[in-house]
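Enquirer: Dropping in run-v4.tsv, with TSV, C-alpha atoms.
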chain	number	residue	atom	x	y	z
A	250	MET	CA	-55.23	-3.80	29.38
A	251	SER	CA	-56.72	-2.27	32.53
A	252	ASP	CA	-59.00	0.75	32.50
A	253	THR	CA	-56.61	2.31	35.02
A	254	ALA	CA	-54.02	2.99	32.32
A	255	ALA	CA	-52.70	6.52	32.34
A	256	GLY	CA	-55.44	9.09	31.93
A	257	ARG	CA	-58.39	6.73	31.79
A	258	ASP	CA	-59.07	7.07	35.51
A	259	ARG	CA	-59.69	10.79	34.94
A	260	LEU	CA	-62.65	10.11	32.69
A	261	PRO	CA	-66.00	10.05	34.50
A	262	LYS	CA	-67.00	6.42	34.65
A	263	PRO	CA	-70.60	5.37	34.03
A	264	THR	CA	-72.60	3.87	36.86
A	265	LEU	CA	-72.92	0.16	36.17
A	266	GLU	CA	-75.29	-2.15	38.02
A	267	TYR	CA	-74.02	-5.56	39.14
A	268	PRO	CA	-77.12	-7.55	40.14
A	269	PHE	CA	-75.33	-10.60	41.57
A	270	GLU	CA	-73.37	-10.32	44.80
A	271	GLN	CA	-70.96	-13.17	44.08
A	272	PRO	CA	-69.93	-15.09	40.96
A	273	PRO	CA	-70.25	-18.88	41.01
A	274	GLU	CA	-67.28	-20.92	42.16
A	275	PRO	CA	-65.61	-23.19	39.58
A	276	GLY	CA	-67.73	-26.32	39.25
A	277	ALA	CA	-70.90	-24.52	40.39
A	278	ALA	CA	-73.67	-22.73	38.49
A	279	LEU	CA	-75.86	-19.67	39.02
A	280	GLU	CA	-79.06	-18.92	37.09
A	281	VAL	CA	-79.03	-15.34	35.71
A	282	ALA	CA	-82.28	-15.55	33.69
A	283	PRO	CA	-84.86	-18.27	33.03
A	284	GLY	CA	-82.93	-21.14	31.43
A	285	VAL	CA	-79.59	-19.28	31.34
A	286	VAL	CA	-76.85	-20.31	33.75
A	287	TRP	CA	-73.54	-18.65	34.69
A	288	MET	CA	-70.47	-20.82	35.31
A	289	ARG	CA	-66.80	-19.97	35.83
A	290	MET	CA	-63.62	-21.74	34.82
A	291	PRO	CA	-60.17	-21.03	36.32
A	292	LEU	CA	-57.32	-19.58	34.26
A	293	PRO	CA	-53.60	-19.92	35.06
A	294	MET	CA	-52.85	-16.19	34.72
A	295	VAL	CA	-53.41	-12.82	36.38
A	296	LEU	CA	-56.89	-12.69	34.83
A	297	ASN	CA	-57.76	-15.87	36.69
A	298	HIS	CA	-61.20	-16.78	35.34
A	299	ILE	CA	-63.45	-16.97	32.32
A	300	ASN	CA	-67.24	-16.94	32.40
A	301	ILE	CA	-69.09	-19.75	30.64
A	302	TRP	CA	-72.81	-19.61	29.79
A	303	ALA	CA	-75.24	-22.53	29.54
A	304	ILE	CA	-78.60	-22.11	27.80
A	305	ASP	CA	-81.48	-24.55	28.20
A	306	ASP	CA	-81.85	-26.13	24.74
A	307	GLY	CA	-85.11	-27.93	25.52
A	308	GLY	CA	-85.17	-31.70	25.36
A	309	ASP	CA	-81.76	-31.76	23.69
A	310	GLY	CA	-79.98	-30.63	26.86
A	311	TRP	CA	-77.76	-27.60	27.46
A	312	ALA	CA	-76.09	-25.42	24.83
A	313	ILE	CA	-72.92	-23.79	26.15
A	314	VAL	CA	-71.17	-20.61	25.06
A	315	ASP	CA	-67.36	-20.85	25.42
A	316	THR	CA	-65.50	-23.64	27.15
A	317	GLY	CA	-62.47	-22.57	29.19
A	318	MET	CA	-58.79	-23.27	28.58
A	319	ARG	CA	-57.34	-26.75	28.33
A	320	THR	CA	-55.98	-27.30	31.86
A	321	ASP	CA	-56.38	-29.97	34.53
A	322	GLU	CA	-58.28	-27.45	36.69
A	323	THR	CA	-60.78	-26.72	33.91
A	324	LEU	CA	-61.29	-30.45	33.29
A	325	ALA	CA	-62.00	-30.99	36.99
A	326	ALA	CA	-64.50	-28.11	37.00
A	327	TRP	CA	-66.36	-29.52	33.98
A	328	ARG	CA	-66.56	-32.96	35.56
A	329	GLN	CA	-67.94	-31.44	38.75
A	330	LEU	CA	-70.57	-29.58	36.71
A	331	PHE	CA	-71.60	-32.76	34.90
A	332	ALA	CA	-71.99	-34.51	38.25
A	333	SER	CA	-73.98	-31.80	40.01
A	334	ALA	CA	-75.34	-28.99	37.85
A	335	THR	CA	-76.72	-30.31	34.55
A	336	ASP	CA	-79.84	-32.12	35.85
A	337	GLY	CA	-78.50	-35.29	34.31
A	338	ARG	CA	-78.91	-33.86	30.81
A	339	ARG	CA	-76.25	-33.87	28.11
A	340	LEU	CA	-74.76	-30.95	26.28
A	341	SER	CA	-76.51	-30.26	22.98
A	342	ARG	CA	-74.21	-27.75	21.25
A	343	VAL	CA	-71.01	-25.81	21.85
A	344	PHE	CA	-70.96	-22.16	20.77
A	345	ALA	CA	-67.69	-20.19	20.76
A	346	THR	CA	-67.51	-16.42	20.78
A	347	HIS	CA	-63.97	-16.53	19.37
A	348	MET	CA	-60.77	-18.51	19.02
A	349	HIS	CA	-58.62	-17.53	22.01
A	350	PRO	CA	-57.59	-20.53	24.14
A	351	ASP	CA	-59.62	-19.54	27.21
A	352	HIS	CA	-62.74	-19.60	25.04
A	353	ILE	CA	-62.11	-22.55	22.73
A	354	GLY	CA	-59.64	-24.67	24.69
A	355	MET	CA	-62.07	-27.43	25.77
A	356	ALA	CA	-64.30	-27.37	22.67
A	357	GLY	CA	-62.70	-30.39	21.05
A	358	TRP	CA	-62.98	-32.44	24.24
A	359	LEU	CA	-66.62	-31.48	24.83
A	360	THR	CA	-67.79	-32.02	21.24
A	361	ARG	CA	-66.19	-35.47	21.14
A	362	LYS	CA	-67.44	-36.45	24.59
A	363	PHE	CA	-71.07	-35.71	23.69
A	364	GLY	CA	-70.98	-36.23	19.92
A	365	ILE	CA	-72.15	-32.68	19.26
A	366	ARG	CA	-71.20	-29.82	16.94
A	367	LEU	CA	-69.16	-26.69	17.40
A	368	TRP	CA	-70.87	-23.48	16.27
A	369	MET	CA	-68.65	-20.47	15.51
A	370	THR	CA	-67.79	-17.96	12.80
A	371	ARG	CA	-65.65	-19.03	9.87
A	372	LEU	CA	-62.72	-16.67	10.44
A	373	GLU	CA	-62.45	-17.66	14.10
A	374	TYR	CA	-62.50	-21.39	13.31
A	375	MET	CA	-60.00	-21.14	10.45
A	376	HIS	CA	-57.71	-18.75	12.28
A	377	CYS	CA	-57.59	-21.10	15.27
A	378	ARG	CA	-56.69	-24.05	13.04
A	379	VAL	CA	-53.89	-22.02	11.43
A	380	LEU	CA	-52.38	-20.96	14.76
A	381	MET	CA	-52.58	-24.48	16.14
A	382	ALA	CA	-50.54	-25.65	13.15
A	383	ASP	CA	-47.63	-23.55	14.51
A	384	THR	CA	-47.23	-25.93	17.46
A	385	GLY	CA	-43.69	-27.32	17.39
A	386	ARG	CA	-42.48	-24.96	14.65
A	387	GLU	CA	-39.55	-22.61	14.96
A	388	ALA	CA	-40.35	-18.91	15.08
A	389	PRO	CA	-40.68	-17.59	11.51
A	390	ASP	CA	-38.43	-14.89	10.12
A	391	ASP	CA	-41.47	-12.65	9.58
A	392	GLY	CA	-42.26	-12.80	13.30
A	393	VAL	CA	-38.68	-11.96	14.25
A	394	ALA	CA	-38.70	-9.03	11.81
A	395	PHE	CA	-42.01	-7.77	13.27
A	396	TYR	CA	-40.64	-7.57	16.81
A	397	ARG	CA	-37.27	-6.21	15.69
A	398	ARG	CA	-39.15	-3.47	13.81
A	399	ALA	CA	-40.97	-2.65	17.07
A	400	GLY	CA	-37.64	-2.15	18.83
A	401	TRP	CA	-37.22	-5.42	20.75
A	402	SER	CA	-33.74	-6.31	21.93
A	403	ASP	CA	-31.90	-9.46	20.90
A	404	ALA	CA	-32.65	-10.99	24.33
A	405	ALA	CA	-36.39	-10.35	24.00
A	406	ILE	CA	-36.41	-11.85	20.51
A	407	GLU	CA	-34.67	-14.97	21.80
A	408	ASN	CA	-37.40	-15.30	24.43
A	409	TYR	CA	-39.96	-14.98	21.64
A	410	ARG	CA	-38.22	-17.77	19.72
A	411	ALA	CA	-38.31	-20.01	22.81
A	412	ARG	CA	-42.03	-19.41	23.41
A	413	PHE	CA	-43.22	-19.61	19.82
A	414	GLY	CA	-45.79	-22.28	19.05
A	415	ASN	CA	-47.33	-22.45	22.53
A	416	PHE	CA	-50.81	-21.38	21.35
A	417	GLY	CA	-52.01	-24.91	20.61
A	418	LYS	CA	-50.81	-26.35	23.90
A	419	ARG	CA	-53.83	-24.86	25.71
A	420	ILE	CA	-56.38	-26.16	23.18
A	421	HIS	CA	-57.71	-29.69	22.67
A	422	ALA	CA	-57.60	-30.82	19.05
A	423	MET	CA	-60.31	-28.87	17.26
A	424	PRO	CA	-63.29	-30.66	15.70
A	425	ASP	CA	-62.61	-31.44	12.05
A	426	SER	CA	-65.86	-29.74	11.06
A	427	TYR	CA	-68.06	-27.02	12.48
A	428	ARG	CA	-71.37	-25.24	11.97
A	429	ARG	CA	-70.71	-21.72	10.69
A	430	VAL	CA	-72.59	-18.81	12.29
A	431	VAL	CA	-72.83	-15.45	10.51
A	432	ASP	CA	-73.53	-11.86	11.46
A	433	GLY	CA	-77.25	-11.17	11.82
A	434	GLU	CA	-78.24	-14.84	11.90
A	435	VAL	CA	-81.07	-15.72	14.30
A	436	ILE	CA	-80.59	-19.02	16.11
A	437	ARG	CA	-83.23	-20.73	18.21
A	438	ILE	CA	-81.85	-22.21	21.41
A	439	GLY	CA	-84.58	-23.89	23.40
A	440	ALA	CA	-87.52	-21.52	23.91
A	441	HIS	CA	-85.82	-18.33	22.67
A	442	GLU	CA	-84.15	-16.81	19.64
A	443	TRP	CA	-80.63	-15.39	19.80
A	444	ARG	CA	-79.22	-13.04	17.18
A	445	VAL	CA	-75.55	-13.12	16.23
A	446	ILE	CA	-73.75	-9.77	16.33
A	447	VAL	CA	-70.21	-9.95	14.97
A	448	GLY	CA	-67.60	-7.58	16.30
A	449	THR	CA	-64.00	-7.18	15.19
A	450	GLY	CA	-60.78	-5.73	16.53
A	451	HIS	CA	-60.22	-8.04	19.50
A	452	SER	CA	-60.33	-11.06	17.20
A	453	PRO	CA	-61.12	-11.61	13.51
A	454	GLU	CA	-64.89	-12.36	13.64
A	455	HIS	CA	-66.02	-12.33	17.27
A	456	ALA	CA	-69.63	-13.48	17.80
A	457	CYS	CA	-71.84	-11.91	20.48
A	458	TYR	CA	-75.28	-13.41	21.14
A	459	HIS	CA	-78.29	-11.18	21.80
A	460	CYS	CA	-81.66	-12.44	23.10
A	461	PRO	CA	-84.23	-9.60	22.99
A	462	ASP	CA	-86.90	-11.73	24.73
A	463	LEU	CA	-84.72	-12.29	27.78
A	464	LYS	CA	-82.97	-8.91	27.44
A	465	LEU	CA	-79.55	-10.58	27.49
A	466	LEU	CA	-76.31	-9.95	25.59
A	467	ILE	CA	-73.53	-12.54	25.75
A	468	SER	CA	-70.73	-10.11	24.92
A	469	GLY	CA	-67.65	-12.36	25.06
A	470	ASP	CA	-64.53	-10.21	25.16
A	471	GLN	CA	-66.06	-7.51	22.96
A	472	VAL	CA	-67.52	-5.58	25.93
A	473	LEU	CA	-66.15	-6.04	29.47
A	474	PRO	CA	-67.21	-4.03	32.54
A	475	ARG	CA	-63.94	-3.45	34.39
A	476	ILE	CA	-61.17	-3.91	31.84
A	477	SER	CA	-60.83	-3.03	28.18
A	478	SER	CA	-60.47	-5.60	25.43
A	479	ASN	CA	-57.01	-6.31	24.08
A	480	VAL	CA	-56.80	-4.87	20.56
A	481	SER	CA	-53.51	-5.89	18.97
A	482	VAL	CA	-51.59	-6.15	15.75
A	483	HIS	CA	-49.90	-9.54	15.26
A	484	PRO	CA	-46.93	-10.62	13.12
A	485	THR	CA	-49.19	-12.49	10.69
A	486	GLU	CA	-50.78	-9.20	9.53
A	487	PRO	CA	-48.44	-6.38	10.53
A	488	ASP	CA	-50.27	-3.63	8.63
A	489	GLU	CA	-53.78	-4.38	9.89
A	490	ASN	CA	-55.92	-1.71	11.59
A	491	PRO	CA	-57.83	-3.53	14.36
A	492	MET	CA	-58.35	-0.35	16.39
A	493	ALA	CA	-60.56	1.12	13.67
A	494	ASP	CA	-62.46	-2.18	13.58
A	495	TRP	CA	-62.93	-2.24	17.36
A	496	LEU	CA	-64.17	1.35	17.57
A	497	ALA	CA	-66.63	0.64	14.75
A	498	SER	CA	-67.81	-2.48	16.59
A	499	LEU	CA	-68.52	-0.49	19.75
A	500	ALA	CA	-70.77	1.82	17.73
A	501	LYS	CA	-72.42	-1.15	15.99
A	502	ILE	CA	-73.32	-2.88	19.25
A	503	LYS	CA	-74.74	0.35	20.68
A	504	ALA	CA	-76.91	0.79	17.57
A	505	GLN	CA	-78.19	-2.80	17.57
A	506	VAL	CA	-78.64	-3.64	21.27
A	507	SER	CA	-80.90	-1.74	23.68
A	508	ASP	CA	-79.49	-0.30	26.89
A	509	ASP	CA	-81.76	-2.37	29.14
A	510	VAL	CA	-80.00	-5.70	28.55
A	511	LEU	CA	-78.12	-7.65	31.18
A	512	VAL	CA	-74.63	-8.04	29.74
A	513	LEU	CA	-72.99	-11.44	30.22
A	514	PRO	CA	-69.26	-10.83	29.64
A	515	SER	CA	-66.43	-13.34	29.47
A	516	HIS	CA	-64.57	-11.72	32.37
A	517	ASN	CA	-65.60	-9.85	35.52
A	518	GLU	CA	-69.30	-9.81	36.47
A	519	CYS	CA	-72.70	-9.55	34.77
A	520	PHE	CA	-73.75	-5.92	34.51
A	521	ARG	CA	-76.35	-3.43	33.31
A	522	GLY	CA	-75.44	-0.12	31.71
A	523	LEU	CA	-74.27	-1.26	28.26
A	524	HIS	CA	-74.50	2.07	26.44
A	525	GLY	CA	-72.67	3.98	29.16
A	526	ARG	CA	-69.91	1.39	29.13
A	527	LEU	CA	-69.61	1.51	25.33
A	528	ASP	CA	-69.41	5.31	25.40
A	529	TYR	CA	-66.73	5.19	28.09
A	530	LEU	CA	-64.63	2.65	26.20
A	531	ALA	CA	-64.75	4.77	23.02
A	532	ALA	CA	-63.93	7.99	24.90
A	533	ALA	CA	-61.10	6.33	26.83
A	534	GLN	CA	-59.56	5.11	23.59
A	535	GLN	CA	-59.71	8.59	22.10
A	536	ARG	CA	-57.90	9.90	25.20
A	537	THR	CA	-55.28	7.21	24.71
A	538	LEU	CA	-54.80	8.18	21.08
A	539	ALA	CA	-54.48	11.85	22.06
A	540	ARG	CA	-51.66	11.00	24.47
A	541	LEU	CA	-49.98	8.98	21.74
A	542	ARG	CA	-50.17	11.87	19.26
A	543	LYS	CA	-48.58	14.20	21.83
A	544	SER	CA	-45.74	11.73	22.52
A	545	LEU	CA	-44.85	11.56	18.82
A	546	ALA	CA	-43.54	15.11	18.60
A	547	GLU	CA	-40.17	13.33	18.37
A	548	PRO	CA	-39.58	10.02	16.57
A	549	ARG	CA	-40.45	6.99	18.69
A	550	ARG	CA	-40.27	3.22	18.32
A	551	THR	CA	-43.24	1.04	19.21
A	552	ILE	CA	-41.65	0.10	22.54
A	553	ASP	CA	-41.05	3.79	23.34
A	554	VAL	CA	-44.77	4.65	23.56
A	555	PHE	CA	-45.65	2.23	26.39
A	556	ALA	CA	-45.53	4.96	29.03
A	557	ALA	CA	-47.84	7.22	27.02
A	558	LEU	CA	-50.35	4.42	26.44
A	559	PHE	CA	-50.19	2.42	29.66
A	560	GLY	CA	-48.69	4.80	32.20
A	561	ARG	CA	-45.64	2.68	32.95
A	562	ALA	CA	-42.59	1.01	31.49
A	563	ILE	CA	-42.77	-2.69	30.60
A	564	GLY	CA	-39.66	-4.80	30.98
A	565	GLU	CA	-38.44	-7.27	28.41
A	566	ASN	CA	-38.24	-10.17	30.89
A	567	ASP	CA	-42.02	-10.62	30.91
A	568	VAL	CA	-42.37	-11.63	27.26
A	569	GLY	CA	-46.11	-12.31	27.55
A	570	LEU	CA	-46.85	-8.79	28.80
A	571	LEU	CA	-44.30	-7.33	26.40
A	572	SER	CA	-46.06	-9.03	23.48
A	573	LEU	CA	-49.47	-7.71	24.56
A	574	ALA	CA	-48.15	-4.18	25.05
A	575	THR	CA	-46.36	-4.27	21.70
A	576	GLY	CA	-49.47	-5.51	19.92
A	577	GLU	CA	-51.71	-2.85	21.48
A	578	SER	CA	-49.19	-0.09	20.84
A	579	GLN	CA	-48.84	-1.17	17.23
A	580	ALA	CA	-52.62	-1.13	16.86
A	581	CYS	CA	-52.72	2.49	18.01
A	582	LEU	CA	-49.79	3.46	15.77
A	583	ASN	CA	-51.31	1.73	12.73
A	584	TYR	CA	-54.60	3.53	13.39
A	585	LEU	CA	-52.90	6.94	13.28
A	586	LEU	CA	-50.66	5.92	10.39
A	587	GLN	CA	-53.57	4.83	8.21
A	588	ARG	CA	-55.42	8.06	9.02
A	589	GLY	CA	-52.41	9.98	7.70
A	590	GLU	CA	-51.71	11.62	11.07
A	591	ILE	CA	-48.19	10.23	11.52
A	592	SER	CA	-45.34	8.95	9.38
A	593	ARG	CA	-43.05	5.94	9.67
A	594	GLU	CA	-39.39	5.57	8.75
A	595	VAL	CA	-37.47	2.27	8.93
A	596	ASP	CA	-33.78	2.56	9.73
A	597	ALA	CA	-30.89	0.43	8.49
A	598	GLU	CA	-31.35	-2.05	11.36
A	599	GLY	CA	-34.98	-2.65	10.39
A	600	VAL	CA	-36.44	-0.63	13.30
A	601	ALA	CA	-39.49	1.55	12.61
A	602	TRP	CA	-39.66	5.12	13.93
A	603	TYR	CA	-42.97	7.02	14.11
A	604	SER	CA	-43.54	10.75	14.36
A	605	ARG	CA	-46.12	13.44	13.69
Show how you would write the structure in this file as structure tokens.
Expert:
Amino acid sequence: MSDTAAGRDRLPKPTLEYPFEQPPEPGAALEVAPGVVWMRMPLPMVLNHINIWAIDDGGDGWAIVDTGMRTDETLAAWRQLFASATDGRRLSRVFATHMHPDHIGMAGWLTRKFGIRLWMTRLEYMHCRVLMADTGREAPDDGVAFYRRAGWSDAAIENYRARFGNFGKRIHAMPDSYRRVVDGEVIRIGAHEWRVIVGTGHSPEHACYHCPDLKLLISGDQVLPRISSNVSVHPTEPDENPMADWLASLAKIKAQVSDDVLVLPSHNECFRGLHGRLDYLAAAQQRTLARLRKSLAEPRRTIDVFAALFGRAIGENDVGLLSLATGESQACLNYLLQRGEISREVDAEGVAWYSR
């Protein structure tokens, strides 16, 4: 969700440096450091782009980090890049920060086209395969119960049923095998070593890539300069506590990565000022949680806390936004619930009510 959610704009924002005046157009490339290239792929949504990174892998060609979503526009952009921006060299490896469709959607196509391997963490790979298996299925009873417990109306639940199983439609068939990367692993790509830093909260086992020699951090969705990462609870694990995981990951990245890096995020622009941004994100979340605590003086459903968390009501007609808002709100509620700060009661209709 945006950093302009209620209350966040009152926090003093850190001064971030954006060293590049313009991002590259889709199908074009911009060098951000020796042997590291910035590319952009279009997305069919309000957040209309994802950043892709190519790293010179020596004689083997170019290693890429993330791939874009499976769309005709992304395919056209990749073909334009192959024709004009790869120096005639092949791709050598595909790295994925995590399993969301805008990051992994073209991985299967690229790995098959070049006969190369996909490198990603185990939980991200397996979780993606599981969600893709939902394509064509009817919405499960557990999912219906999750959204009914959050306070969704019958009409919103019917929209959920109609949309269920769409995850895999934006992803090419995944490779049937992969090369697992793990937290703390050091991987040589071309002339430099990159260390894997796993974060959690936004996704199960999100991999960031840190190159101390080049003073670069490929942060994926774990750290973004202008918006905050979506941290949500999903129907598959309704009692999880991703907010605690995400806050811990912010502290972990600050402890392990120096403040002088150029951050290469998946959305918005490259920036400097990592530690200030991490501190702001953590402080903004604490402000959000404080507003939530105050709103729970009286019992509230998950859908009743949207105004406290996001500064506005969210209608049930936009099921995509409603799902995101519900997931984020549930993450905040689960965080307070597991800290023992609030209680939950489920009524006869299966709706959960939360209060201090």
Enquirer: Pick out the closest residue to Asp391 in chain A from this set: A:Asp403, A:Asp553, A:Glu486, A:Asp305. Count only C-alpha atoms.
Expert: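 Of A:Asp403, A:Asp553, A:Glu486, A:Asp305, the one nearest Asp391 in chain A, counting only C-alpha atoms, is A:Glu486.
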Enquirer: Would you compute the distance between CA of Arg397 in chain A and CA of Gly450 in chain A? Give it in Å to one decimal.
Expert: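 About the pair CA of Arg397 in chain A and CA of Gly450 in chain A: they are 23.5 Å apart.
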Enquirer: Which of these residues is nearest to Glu373 in chain A, using all atoms listed in the file: A:Gly354, A:Gly308, A:Gly276, A:Pro453?
Expert: A:Pro453
Enquirer: So which one's closest to Lys262 in chain A, A:Glu594, A:Glu577, A:Asp494, A:Asp528? Using all atoms listed in the file, please.
Expert: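 For Lys262 in chain A, the nearest of the candidates is A:Asp528.
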Enquirer: Measuring atom to atom with all atoms listed in the file, identify which of A:Val512, A:Leu538, A:Met492, A:Ala500 is nearest to Val472 in chain A.
Expert: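 Closest to Val472 in chain A of all the choices is A:Val512.
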Enquirer: Smallest atom-to-atom distance to Ile502 in chain A: which of A:Glu322, A:Asp432, A:Asp425, A:Glu274, using all atoms listed in the file?
Expert: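 Smallest separation from Ile502 in chain A among the options: A:Asp432.
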Enquirer: Just to confirm, what's the straight-line distance from CA of Leu296 in chain A to CA of Met348 in chain A in Å (one decimal)?
Expert: 17.3 Å
